[in-house]
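Trainee: Below: one structure in structure tokens.
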Amino acid sequence: MQSFNYRDERFADLQLLRYRLPGFRQLTLRQKRLVYYLAQATLYGRDITFDQYGRYNLLIRRTLETVYTDLCVNRQTADFQALEVYLKRVWFSNGIHHHYGCEKFVPGFTKDYFRNVLHQVDARRLPLADGQTVDALCDLLEPVIFDPAVLPKRVNKADGEDLVATSACNFYDGVTQQEAEEYYAAMKGDGSDPEPPSYGLNTTLMKRDGRLCEEAWTVDSRYGNALRHIVYWLERAAQEAENEAQRDVILRLVDYYRTGDLRTFDDYSVRWLSCLDGRVDFINGFIEVYGDPLGLKGSWEGLVEYIDEDATQRTRTIARHAQWFEDHSPVDPRFRKPVVKGVSANVICAAMLGGEEYPSTAIGINLPNADWIRARHGSKSITISNITEAYNKAAHGNGFREEFVDDKATLAMIERYGDLCDDLHTDLHECLGHGSGQLLPGVDPDALKAYGNTIEEARADLFGLYYMADEKLVELHLLPDGEAYRSHYYTYMMNGLMTQLIRITPGNQIEEAHMRNRALIARWCLAHADSPQEGGEPAMSLVKRDGKTYLHISDYERLRQLIAQLLAEVQRIKSEGDYEAARRLVEDYAVHIDPVLHEEVLERYQKLDLAPYKGFINPQLIPVLDASGEIMDVDVSYSESYSHQMLRYSQEYGTLI
């Protein structure tokens, strides 16, 4: 265990990490088989995510992989090495746009080189359409890869623009933003349905012969070949289910993939929520809507997990007291849930990542997303302990905190409490934050439109931040003392104000929903941090010392009061569906960047020689077969390289090209 190497390959702005599967060997044979079959179902969704992120992504990936594996000439040239980095970035981001910033990659090789190497490989290995020549393939792909004006953003959220027409994501075909919004508004009708499905979640909206129509993502329609493979492995998994309820959940998901019926998906989600007795669980489907500028279409993602029994005691303690937290929230009582239902929370180990969760993944997840299901049936929350462990181990001693933290006393506080508080805030965010509060009757869950994702993430973060400083957490033995929360307040505000800017290209604005959320909270608190006493020191401020900017927090209790005020307002916006207030809050605090501060932060970070983004190489699950071909065990290997894994996945799980 001591020799496990968490850090692996590094290129561009990316660092690849590995994660362990602690406790996997102690699973029963039936549980190991279940994990293996669910993992296969997870990996078969990869091509769906690539295609959803852009209509040319699969074609570009296949073309570049052919050059990468088959080119026989000098591979040490600058052009080839640039092509190799570009391909690795495409693998990492499931397409040609940055996985976080959504801007299109700039290739380091030339058009002439691209066309030349395509002519040097076997044309039969290239993804040529019937009758298509190599030159025609080049003509098709060159502007997509090289022209900065063609499909420049995967998800555009710029206020005042047609977000559908200017986004490269592949959820709409020939449709404007206004047309899409009016189409789904008509579907929702007067909003009287007490159990509204998530309209548009699993379809492509297109215009055909001047009329709008949808194509569902099912086994017999778009993405059918991938979904048929997923269904096959889900049905194998159902045979190894730990109990009858788990088996029913898996087969209900199969029904959904066959029919595309969103009410079937809701029924599956409710069943999945109540299935709590097994140690193994999974996420598989069209789930999160961050990849759609309108926040409607679900990107495909997969995750296979098993419970981390020891760490789960922390989240279960939080879940048992969910009603207390709801009742004592600083929001208007009209917006609180009178009865919190069905909150379940586990700390889990990821056994396989797929789709939108791979190679970059979340550290916590709370599902389902439908507001009416949360209100009536609750939610299921996970914190991923082995992913968090990998992040923490890889970051140990890298000099980042020493460079950006205000003073040695604050640094010592963060070193003492930081990892514990980070995990706890994730638990509070996922377990309670997303599940807290309620919409007022008749409020459309999509009323906040393009700002909905940012407001929702801010709401969950604020809920967690507010309770991080509550004595209840010490009483529940979740924090060691009443000072620990300060470490997280400091690192959170420092990140929102300064250090997350390392992920932004100079001249760009903040667009990703989680980054906007953190900027919104930190900048709003900074703007309102003046002392209520005339001439008093502000609760927090940015100070200059030796030419460097630092965050200084003088009054943590006052900062908590500000967090309470902002939480109350954000919850009001969500509960009332106040679009204009959401727009003002996000545009005023979450989008624009001070270029001088940005330049300083980038310069300081560059000297540390660190990669701002991290992602993961999956462990390889290897079935051990007996003489009859039945699985008698499942081994875990951590030896596969990034390139080998990506090429193997394209070969073994490539279904759509």
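Chain labels A, B, ... are given in the sequence in which chains occur in the structure tokens; within each chain residues are numbered consecutively from 1, and ligands are likewise numbered from 1 in the order shown.
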So that I can see what lies close to region 607-622 of chain A, please list as number ranges by chain the residues with an atom at most 8 Å from it, counting only C-alpha atoms and leaving out residues fewer than 6 positions away in the same chain.
Mentor: A: 10, 12-20, 36, 92, 351-353, 358-361, 398-400, 502-503, 634-642, 645
Trainee: Name the residues of region 281-359 of chain A that fall into strand (DSSP E) according to DSSP on the backbone, using the chain letters and numbers of this document, as a list in words.
Mentor: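 Going through region 281-359 of chain A, the strand (DSSP E) residues come out as Asp281, Phe282, Ile283, Asn284, Gly285, Phe286, Trp300, Glu301, Gly302, Leu303, Val304, Glu305, Tyr306, Ile307, Val343, Ser344, Ala345, Asn346, Val347, Ile348, Cys349, Ala350, Ala351, Met352, Leu353, Gly354 and Gly355 of chain A.
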Trainee: Store the residues of this selection in a file with N, CA, C and O atoms, as a compact mmCIF listing (two decimals), in the first residue's frame.
Mentor:
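Final output, result_33.txt:
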# COMPACT_ATOMS: atom_id res chain seq x y z
N ASP A 281 -23.58 -0.47 -5.62
CA ASP A 281 -24.57 0.40 -6.25
C ASP A 281 -23.97 0.96 -7.53
O ASP A 281 -22.79 0.73 -7.84
N PHE A 282 -24.77 1.73 -8.28
CA PHE A 282 -24.30 2.22 -9.57
C PHE A 282 -25.10 3.44 -9.98
O PHE A 282 -26.21 3.69 -9.49
N ILE A 283 -24.52 4.21 -10.89
CA ILE A 283 -25.20 5.27 -11.63
C ILE A 283 -24.97 4.98 -13.10
O ILE A 283 -23.84 4.70 -13.52
N ASN A 284 -26.02 5.02 -13.89
CA ASN A 284 -25.90 4.65 -15.29
C ASN A 284 -27.03 5.33 -16.05
O ASN A 284 -28.20 5.02 -15.83
N GLY A 285 -26.68 6.30 -16.92
CA GLY A 285 -27.76 6.90 -17.70
C GLY A 285 -27.50 8.33 -18.11
O GLY A 285 -26.41 8.88 -17.93
N PHE A 286 -28.53 8.94 -18.66
CA PHE A 286 -28.50 10.33 -19.08
C PHE A 286 -28.92 11.16 -17.87
O PHE A 286 -30.11 11.26 -17.55
N TRP A 300 -24.53 11.33 -20.88
CA TRP A 300 -24.45 9.96 -20.37
C TRP A 300 -23.28 9.84 -19.39
O TRP A 300 -22.19 10.34 -19.65
N GLU A 301 -23.53 9.18 -18.28
CA GLU A 301 -22.45 8.94 -17.32
C GLU A 301 -22.66 7.59 -16.65
O GLU A 301 -23.77 7.05 -16.57
N GLY A 302 -21.56 7.04 -16.16
CA GLY A 302 -21.62 5.77 -15.45
C GLY A 302 -20.65 5.76 -14.29
O GLY A 302 -19.56 6.35 -14.34
N LEU A 303 -21.05 5.09 -13.22
CA LEU A 303 -20.21 4.92 -12.04
C LEU A 303 -20.62 3.63 -11.36
O LEU A 303 -21.82 3.37 -11.16
N VAL A 304 -19.65 2.81 -11.01
CA VAL A 304 -19.89 1.60 -10.23
C VAL A 304 -19.20 1.80 -8.89
O VAL A 304 -18.06 2.27 -8.83
N GLU A 305 -19.88 1.41 -7.80
CA GLU A 305 -19.39 1.75 -6.47
C GLU A 305 -19.70 0.65 -5.48
O GLU A 305 -20.61 -0.16 -5.69
N TYR A 306 -18.94 0.63 -4.39
CA TYR A 306 -19.28 -0.20 -3.24
C TYR A 306 -18.98 0.60 -1.99
O TYR A 306 -18.13 1.48 -1.96
N ILE A 307 -19.73 0.31 -0.94
CA ILE A 307 -19.70 1.14 0.26
C ILE A 307 -18.38 1.02 1.00
O ILE A 307 -17.86 -0.08 1.20
N VAL A 343 -33.60 10.77 3.01
CA VAL A 343 -32.20 11.16 2.82
C VAL A 343 -31.30 9.97 3.16
O VAL A 343 -31.31 9.48 4.30
N SER A 344 -30.56 9.49 2.20
CA SER A 344 -29.59 8.43 2.44
C SER A 344 -28.23 8.90 1.95
O SER A 344 -28.14 9.61 0.94
N ALA A 345 -27.20 8.54 2.66
CA ALA A 345 -25.86 9.03 2.32
C ALA A 345 -24.83 7.97 2.64
O ALA A 345 -24.84 7.39 3.73
N ASN A 346 -23.95 7.72 1.70
CA ASN A 346 -22.88 6.75 1.89
C ASN A 346 -21.56 7.34 1.41
O ASN A 346 -21.53 8.14 0.47
N VAL A 347 -20.50 6.94 2.06
CA VAL A 347 -19.16 7.13 1.50
C VAL A 347 -18.84 5.86 0.74
O VAL A 347 -19.00 4.75 1.27
N ILE A 348 -18.43 6.01 -0.49
CA ILE A 348 -18.25 4.83 -1.35
C ILE A 348 -16.85 4.84 -1.96
O ILE A 348 -16.14 5.85 -1.98
N CYS A 349 -16.48 3.68 -2.47
CA CYS A 349 -15.29 3.55 -3.30
C CYS A 349 -15.75 3.37 -4.74
O CYS A 349 -16.59 2.50 -5.02
N ALA A 350 -15.25 4.19 -5.63
CA ALA A 350 -15.54 4.00 -7.05
C ALA A 350 -14.77 2.78 -7.54
O ALA A 350 -13.58 2.63 -7.26
N ALA A 351 -15.47 1.92 -8.26
CA ALA A 351 -14.82 0.75 -8.85
C ALA A 351 -14.62 0.91 -10.34
O ALA A 351 -13.77 0.23 -10.93
N MET A 352 -15.41 1.78 -10.98
CA MET A 352 -15.25 2.06 -12.40
C MET A 352 -15.92 3.39 -12.71
O MET A 352 -17.03 3.67 -12.24
N LEU A 353 -15.23 4.21 -13.51
CA LEU A 353 -15.74 5.49 -13.96
C LEU A 353 -16.01 5.42 -15.45
O LEU A 353 -15.25 4.80 -16.20
N GLY A 354 -17.08 6.09 -15.91
CA GLY A 354 -17.39 6.05 -17.33
C GLY A 354 -18.16 7.26 -17.80
O GLY A 354 -18.77 8.00 -17.02
N GLY A 355 -18.14 7.49 -19.10
CA GLY A 355 -18.88 8.58 -19.70
C GLY A 355 -18.42 9.92 -19.16
O GLY A 355 -17.23 10.22 -19.12
Trainee: Could you name the residues that touch Gly464 (chain A) at 7 Å or less, counting only C-alpha atoms, but leaving out those on the same chain fewer than 3 positions away, as a ChimeraX atom specification?
Mentor: /A:425,428-429,433,460-461,467-468
Trainee: Any idea what the distance is between CA of Phe109 (chain A) and CA of Leu137 (chain A)?
Mentor: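 A separation of 17.3 Å between them.
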Trainee: Check the smallest atom-to-atom distance from each of A:Arg236, A:Arg320, A:Arg89, A:Arg247 to Ala41 (chain A) using only C-alpha atoms, then report the winner.
Mentor: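 Selected residue with least distance to Ala41 (chain A): A:Arg236.
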Trainee: Just the residues within 8 Å of Arg258 (chain A), please, counting only C-alpha atoms, with nothing from its chain fewer than 5 positions along; format it as JSON, numbers by chain.
Mentor: {"A": [218, 219, 220]}
Trainee: Write down as a PDB file with N, CA and C atoms, in the first residue's frame the residues belonging to region 370-456 of chain A that are assigned helix (DSSP H, G or I) by DSSP computed on the backbone.
Mentor:
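Result written to result_13.pdb:
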ATOM      1  N   ASP A 371     -37.030  17.680  -8.936  1.00  0.00           N
ATOM      2  CA  ASP A 371     -37.425  18.319  -7.681  1.00  0.00           C
ATOM      3  C   ASP A 371     -38.587  17.602  -7.010  1.00  0.00           C
ATOM      4  N   TRP A 372     -39.546  17.126  -7.784  1.00  0.00           N
ATOM      5  CA  TRP A 372     -40.700  16.490  -7.152  1.00  0.00           C
ATOM      6  C   TRP A 372     -40.320  15.153  -6.514  1.00  0.00           C
ATOM      7  N   ILE A 373     -39.341  14.460  -7.093  1.00  0.00           N
ATOM      8  CA  ILE A 373     -38.888  13.204  -6.477  1.00  0.00           C
ATOM      9  C   ILE A 373     -38.152  13.512  -5.183  1.00  0.00           C
ATOM     10  N   ARG A 374     -37.309  14.524  -5.198  1.00  0.00           N
ATOM     11  CA  ARG A 374     -36.608  14.913  -3.965  1.00  0.00           C
ATOM     12  C   ARG A 374     -37.602  15.268  -2.872  1.00  0.00           C
ATOM     13  N   ALA A 375     -38.645  16.007  -3.233  1.00  0.00           N
ATOM     14  CA  ALA A 375     -39.610  16.452  -2.231  1.00  0.00           C
ATOM     15  C   ALA A 375     -40.399  15.294  -1.642  1.00  0.00           C
ATOM     16  N   ARG A 376     -40.772  14.329  -2.476  1.00  0.00           N
ATOM     17  CA  ARG A 376     -41.655  13.254  -2.016  1.00  0.00           C
ATOM     18  C   ARG A 376     -40.910  12.018  -1.527  1.00  0.00           C
ATOM     19  N   HIS A 377     -39.753  11.767  -2.136  1.00  0.00           N
ATOM     20  CA  HIS A 377     -39.073  10.506  -1.853  1.00  0.00           C
ATOM     21  C   HIS A 377     -37.658  10.682  -1.312  1.00  0.00           C
ATOM     22  N   SER A 385     -14.655   8.201  -1.540  1.00  0.00           N
ATOM     23  CA  SER A 385     -13.487   8.284  -0.660  1.00  0.00           C
ATOM     24  C   SER A 385     -12.180   7.961  -1.375  1.00  0.00           C
ATOM     25  N   ASN A 386     -12.176   6.968  -2.273  1.00  0.00           N
ATOM     26  CA  ASN A 386     -10.897   6.621  -2.898  1.00  0.00           C
ATOM     27  C   ASN A 386     -10.462   7.637  -3.941  1.00  0.00           C
ATOM     28  N   ILE A 387     -11.413   8.391  -4.506  1.00  0.00           N
ATOM     29  CA  ILE A 387     -11.049   9.490  -5.400  1.00  0.00           C
ATOM     30  C   ILE A 387     -10.475  10.650  -4.586  1.00  0.00           C
ATOM     31  N   THR A 388     -11.130  10.980  -3.471  1.00  0.00           N
ATOM     32  CA  THR A 388     -10.617  12.030  -2.594  1.00  0.00           C
ATOM     33  C   THR A 388      -9.234  11.673  -2.070  1.00  0.00           C
ATOM     34  N   GLU A 389      -9.054  10.414  -1.705  1.00  0.00           N
ATOM     35  CA  GLU A 389      -7.747   9.959  -1.235  1.00  0.00           C
ATOM     36  C   GLU A 389      -6.674  10.187  -2.298  1.00  0.00           C
ATOM     37  N   ALA A 390      -6.990   9.858  -3.544  1.00  0.00           N
ATOM     38  CA  ALA A 390      -6.011  10.023  -4.614  1.00  0.00           C
ATOM     39  C   ALA A 390      -5.643  11.490  -4.814  1.00  0.00           C
ATOM     40  N   TYR A 391      -6.649  12.358  -4.795  1.00  0.00           N
ATOM     41  CA  TYR A 391      -6.377  13.796  -4.903  1.00  0.00           C
ATOM     42  C   TYR A 391      -5.457  14.269  -3.771  1.00  0.00           C
ATOM     43  N   ASN A 392      -5.795  13.881  -2.547  1.00  0.00           N
ATOM     44  CA  ASN A 392      -5.028  14.348  -1.385  1.00  0.00           C
ATOM     45  C   ASN A 392      -3.596  13.826  -1.405  1.00  0.00           C
ATOM     46  N   LYS A 393      -3.435  12.550  -1.737  1.00  0.00           N
ATOM     47  CA  LYS A 393      -2.087  11.974  -1.776  1.00  0.00           C
ATOM     48  C   LYS A 393      -1.239  12.630  -2.855  1.00  0.00           C
ATOM     49  N   ALA A 394      -1.847  12.891  -4.009  1.00  0.00           N
ATOM     50  CA  ALA A 394      -1.092  13.481  -5.110  1.00  0.00           C
ATOM     51  C   ALA A 394      -0.702  14.923  -4.822  1.00  0.00           C
ATOM     52  N   ALA A 395      -1.516  15.620  -4.014  1.00  0.00           N
ATOM     53  CA  ALA A 395      -1.251  17.040  -3.730  1.00  0.00           C
ATOM     54  C   ALA A 395      -0.305  17.254  -2.565  1.00  0.00           C
ATOM     55  N   PHE A 400       1.556  24.369  -3.115  1.00  0.00           N
ATOM     56  CA  PHE A 400       0.453  25.245  -3.500  1.00  0.00           C
ATOM     57  C   PHE A 400      -0.033  26.091  -2.324  1.00  0.00           C
ATOM     58  N   ARG A 401      -0.313  25.446  -1.203  1.00  0.00           N
ATOM     59  CA  ARG A 401      -0.816  26.189  -0.044  1.00  0.00           C
ATOM     60  C   ARG A 401       0.206  27.205   0.456  1.00  0.00           C
ATOM     61  N   GLU A 402       1.452  26.791   0.467  1.00  0.00           N
ATOM     62  CA  GLU A 402       2.489  27.692   0.968  1.00  0.00           C
ATOM     63  C   GLU A 402       2.568  28.966   0.131  1.00  0.00           C
ATOM     64  N   GLU A 403       2.279  28.850  -1.151  1.00  0.00           N
ATOM     65  CA  GLU A 403       2.354  30.010  -2.037  1.00  0.00           C
ATOM     66  C   GLU A 403       1.188  30.969  -1.840  1.00  0.00           C
ATOM     67  N   PHE A 404      -0.008  30.461  -1.582  1.00  0.00           N
ATOM     68  CA  PHE A 404      -1.189  31.319  -1.635  1.00  0.00           C
ATOM     69  C   PHE A 404      -1.834  31.619  -0.287  1.00  0.00           C
ATOM     70  N   LYS A 408       1.555  31.844   8.306  1.00  0.00           N
ATOM     71  CA  LYS A 408       1.903  30.510   8.796  1.00  0.00           C
ATOM     72  C   LYS A 408       0.854  29.940   9.739  1.00  0.00           C
ATOM     73  N   ALA A 409       0.218  30.796  10.528  1.00  0.00           N
ATOM     74  CA  ALA A 409      -0.807  30.302  11.452  1.00  0.00           C
ATOM     75  C   ALA A 409      -2.002  29.747  10.685  1.00  0.00           C
ATOM     76  N   THR A 410      -2.413  30.452   9.639  1.00  0.00           N
ATOM     77  CA  THR A 410      -3.524  29.968   8.814  1.00  0.00           C
ATOM     78  C   THR A 410      -3.122  28.695   8.083  1.00  0.00           C
ATOM     79  N   LEU A 411      -1.889  28.661   7.597  1.00  0.00           N
ATOM     80  CA  LEU A 411      -1.399  27.465   6.913  1.00  0.00           C
ATOM     81  C   LEU A 411      -1.403  26.267   7.856  1.00  0.00           C
ATOM     82  N   ALA A 412      -0.941  26.463   9.085  1.00  0.00           N
ATOM     83  CA  ALA A 412      -0.933  25.361  10.063  1.00  0.00           C
ATOM     84  C   ALA A 412      -2.354  24.888  10.350  1.00  0.00           C
ATOM     85  N   MET A 413      -3.291  25.812  10.425  1.00  0.00           N
ATOM     86  CA  MET A 413      -4.685  25.450  10.647  1.00  0.00           C
ATOM     87  C   MET A 413      -5.222  24.600   9.495  1.00  0.00           C
ATOM     88  N   ILE A 414      -4.892  24.987   8.279  1.00  0.00           N
ATOM     89  CA  ILE A 414      -5.356  24.235   7.109  1.00  0.00           C
ATOM     90  C   ILE A 414      -4.711  22.856   7.064  1.00  0.00           C
ATOM     91  N   GLU A 415      -3.417  22.788   7.386  1.00  0.00           N
ATOM     92  CA  GLU A 415      -2.750  21.489   7.406  1.00  0.00           C
ATOM     93  C   GLU A 415      -3.387  20.560   8.438  1.00  0.00           C
ATOM     94  N   ARG A 416      -3.849  21.116   9.529  1.00  0.00           N
ATOM     95  CA  ARG A 416      -4.423  20.308  10.605  1.00  0.00           C
ATOM     96  C   ARG A 416      -5.834  19.830  10.277  1.00  0.00           C
ATOM     97  N   TYR A 417      -6.645  20.718   9.724  1.00  0.00           N
ATOM     98  CA  TYR A 417      -8.066  20.420   9.557  1.00  0.00           C
ATOM     99  C   TYR A 417      -8.519  20.266   8.100  1.00  0.00           C
ATOM    100  N   GLY A 418      -7.673  20.658   7.146  1.00  0.00           N
ATOM    101  CA  GLY A 418      -8.129  20.830   5.770  1.00  0.00           C
ATOM    102  C   GLY A 418      -8.793  19.630   5.138  1.00  0.00           C
ATOM    103  N   ASP A 419      -8.138  18.465   5.161  1.00  0.00           N
ATOM    104  CA  ASP A 419      -8.697  17.295   4.492  1.00  0.00           C
ATOM    105  C   ASP A 419     -10.009  16.872   5.132  1.00  0.00           C
ATOM    106  N   LEU A 420     -10.067  16.884   6.457  1.00  0.00           N
ATOM    107  CA  LEU A 420     -11.291  16.522   7.166  1.00  0.00           C
ATOM    108  C   LEU A 420     -12.430  17.453   6.779  1.00  0.00           C
ATOM    109  N   CYS A 421     -12.169  18.755   6.770  1.00  0.00           N
ATOM    110  CA  CYS A 421     -13.218  19.727   6.461  1.00  0.00           C
ATOM    111  C   CYS A 421     -13.640  19.662   4.998  1.00  0.00           C
ATOM    112  N   ASP A 422     -12.701  19.410   4.102  1.00  0.00           N
ATOM    113  CA  ASP A 422     -13.063  19.250   2.692  1.00  0.00           C
ATOM    114  C   ASP A 422     -14.052  18.109   2.519  1.00  0.00           C
ATOM    115  N   ASP A 423     -13.760  16.973   3.132  1.00  0.00           N
ATOM    116  CA  ASP A 423     -14.652  15.819   3.029  1.00  0.00           C
ATOM    117  C   ASP A 423     -16.012  16.132   3.631  1.00  0.00           C
ATOM    118  N   LEU A 424     -16.006  16.800   4.768  1.00  0.00           N
ATOM    119  CA  LEU A 424     -17.268  17.092   5.449  1.00  0.00           C
ATOM    120  C   LEU A 424     -18.112  18.068   4.642  1.00  0.00           C
ATOM    121  N   HIS A 425     -17.489  19.074   4.043  1.00  0.00           N
ATOM    122  CA  HIS A 425     -18.263  20.003   3.223  1.00  0.00           C
ATOM    123  C   HIS A 425     -18.866  19.300   2.015  1.00  0.00           C
ATOM    124  N   THR A 426     -18.128  18.378   1.416  1.00  0.00           N
ATOM    125  CA  THR A 426     -18.685  17.591   0.315  1.00  0.00           C
ATOM    126  C   THR A 426     -19.901  16.802   0.786  1.00  0.00           C
ATOM    127  N   ASP A 427     -19.798  16.190   1.966  1.00  0.00           N
ATOM    128  CA  ASP A 427     -20.933  15.439   2.520  1.00  0.00           C
ATOM    129  C   ASP A 427     -22.140  16.349   2.718  1.00  0.00           C
ATOM    130  N   LEU A 428     -21.926  17.515   3.316  1.00  0.00           N
ATOM    131  CA  LEU A 428     -23.030  18.432   3.576  1.00  0.00           C
ATOM    132  C   LEU A 428     -23.637  18.948   2.273  1.00  0.00           C
ATOM    133  N   HIS A 429     -22.790  19.256   1.315  1.00  0.00           N
ATOM    134  CA  HIS A 429     -23.239  19.730   0.002  1.00  0.00           C
ATOM    135  C   HIS A 429     -24.135  18.690  -0.666  1.00  0.00           C
ATOM    136  N   GLU A 430     -23.647  17.451  -0.745  1.00  0.00           N
ATOM    137  CA  GLU A 430     -24.374  16.415  -1.473  1.00  0.00           C
ATOM    138  C   GLU A 430     -25.544  15.854  -0.671  1.00  0.00           C
ATOM    139  N   CYS A 431     -25.291  15.534   0.583  1.00  0.00           N
ATOM    140  CA  CYS A 431     -26.295  14.848   1.391  1.00  0.00           C
ATOM    141  C   CYS A 431     -27.451  15.758   1.765  1.00  0.00           C
ATOM    142  N   LEU A 432     -27.150  16.996   2.162  1.00  0.00           N
ATOM    143  CA  LEU A 432     -28.181  17.901   2.659  1.00  0.00           C
ATOM    144  C   LEU A 432     -28.442  19.086   1.738  1.00  0.00           C
ATOM    145  N   GLY A 433     -27.390  19.689   1.207  1.00  0.00           N
ATOM    146  CA  GLY A 433     -27.558  20.920   0.442  1.00  0.00           C
ATOM    147  C   GLY A 433     -28.477  20.764  -0.752  1.00  0.00           C
ATOM    148  N   LYS A 449     -33.529  28.771 -16.059  1.00  0.00           N
ATOM    149  CA  LYS A 449     -32.946  28.553 -17.385  1.00  0.00           C
ATOM    150  C   LYS A 449     -31.427  28.345 -17.297  1.00  0.00           C
ATOM    151  N   ALA A 450     -30.677  29.121 -18.072  1.00  0.00           N
ATOM    152  CA  ALA A 450     -29.227  28.911 -18.153  1.00  0.00           C
ATOM    153  C   ALA A 450     -28.510  29.177 -16.840  1.00  0.00           C
ATOM    154  N   TYR A 451     -29.149  29.879 -15.911  1.00  0.00           N
ATOM    155  CA  TYR A 451     -28.518  30.181 -14.626  1.00  0.00           C
ATOM    156  C   TYR A 451     -28.860  29.146 -13.551  1.00  0.00           C
ATOM    157  N   GLY A 452     -29.706  28.187 -13.894  1.00  0.00           N
ATOM    158  CA  GLY A 452     -30.180  27.230 -12.903  1.00  0.00           C
ATOM    159  C   GLY A 452     -29.085  26.391 -12.285  1.00  0.00           C
ATOM    160  N   ASN A 453     -28.145  25.908 -13.112  1.00  0.00           N
ATOM    161  CA  ASN A 453     -27.083  25.048 -12.584  1.00  0.00           C
ATOM    162  C   ASN A 453     -26.204  25.799 -11.587  1.00  0.00           C
ATOM    163  N   THR A 454     -25.838  27.038 -11.921  1.00  0.00           N
ATOM    164  CA  THR A 454     -24.989  27.821 -11.021  1.00  0.00           C
ATOM    165  C   THR A 454     -25.701  28.107  -9.703  1.00  0.00           C
ATOM    166  N   ILE A 455     -26.967  28.508  -9.771  1.00  0.00           N
ATOM    167  CA  ILE A 455     -27.726  28.801  -8.557  1.00  0.00           C
ATOM    168  C   ILE A 455     -27.872  27.546  -7.703  1.00  0.00           C
ATOM    169  N   GLU A 456     -28.117  26.408  -8.324  1.00  0.00           N
ATOM    170  CA  GLU A 456     -28.282  25.177  -7.552  1.00  0.00           C
ATOM    171  C   GLU A 456     -26.987  24.773  -6.865  1.00  0.00           C
TER     172      GLU A 456
END
Trainee: Quick one: residues within 12 Å of region 328-336 of chain A, only C-alpha atoms counted, chain neighbours fewer than 3 positions away excluded, as an MDAnalysis selection string?
Mentor: chainID A and resid 321:325 339:340 375 432:433 435:441 459 462:467 470 472 560:577
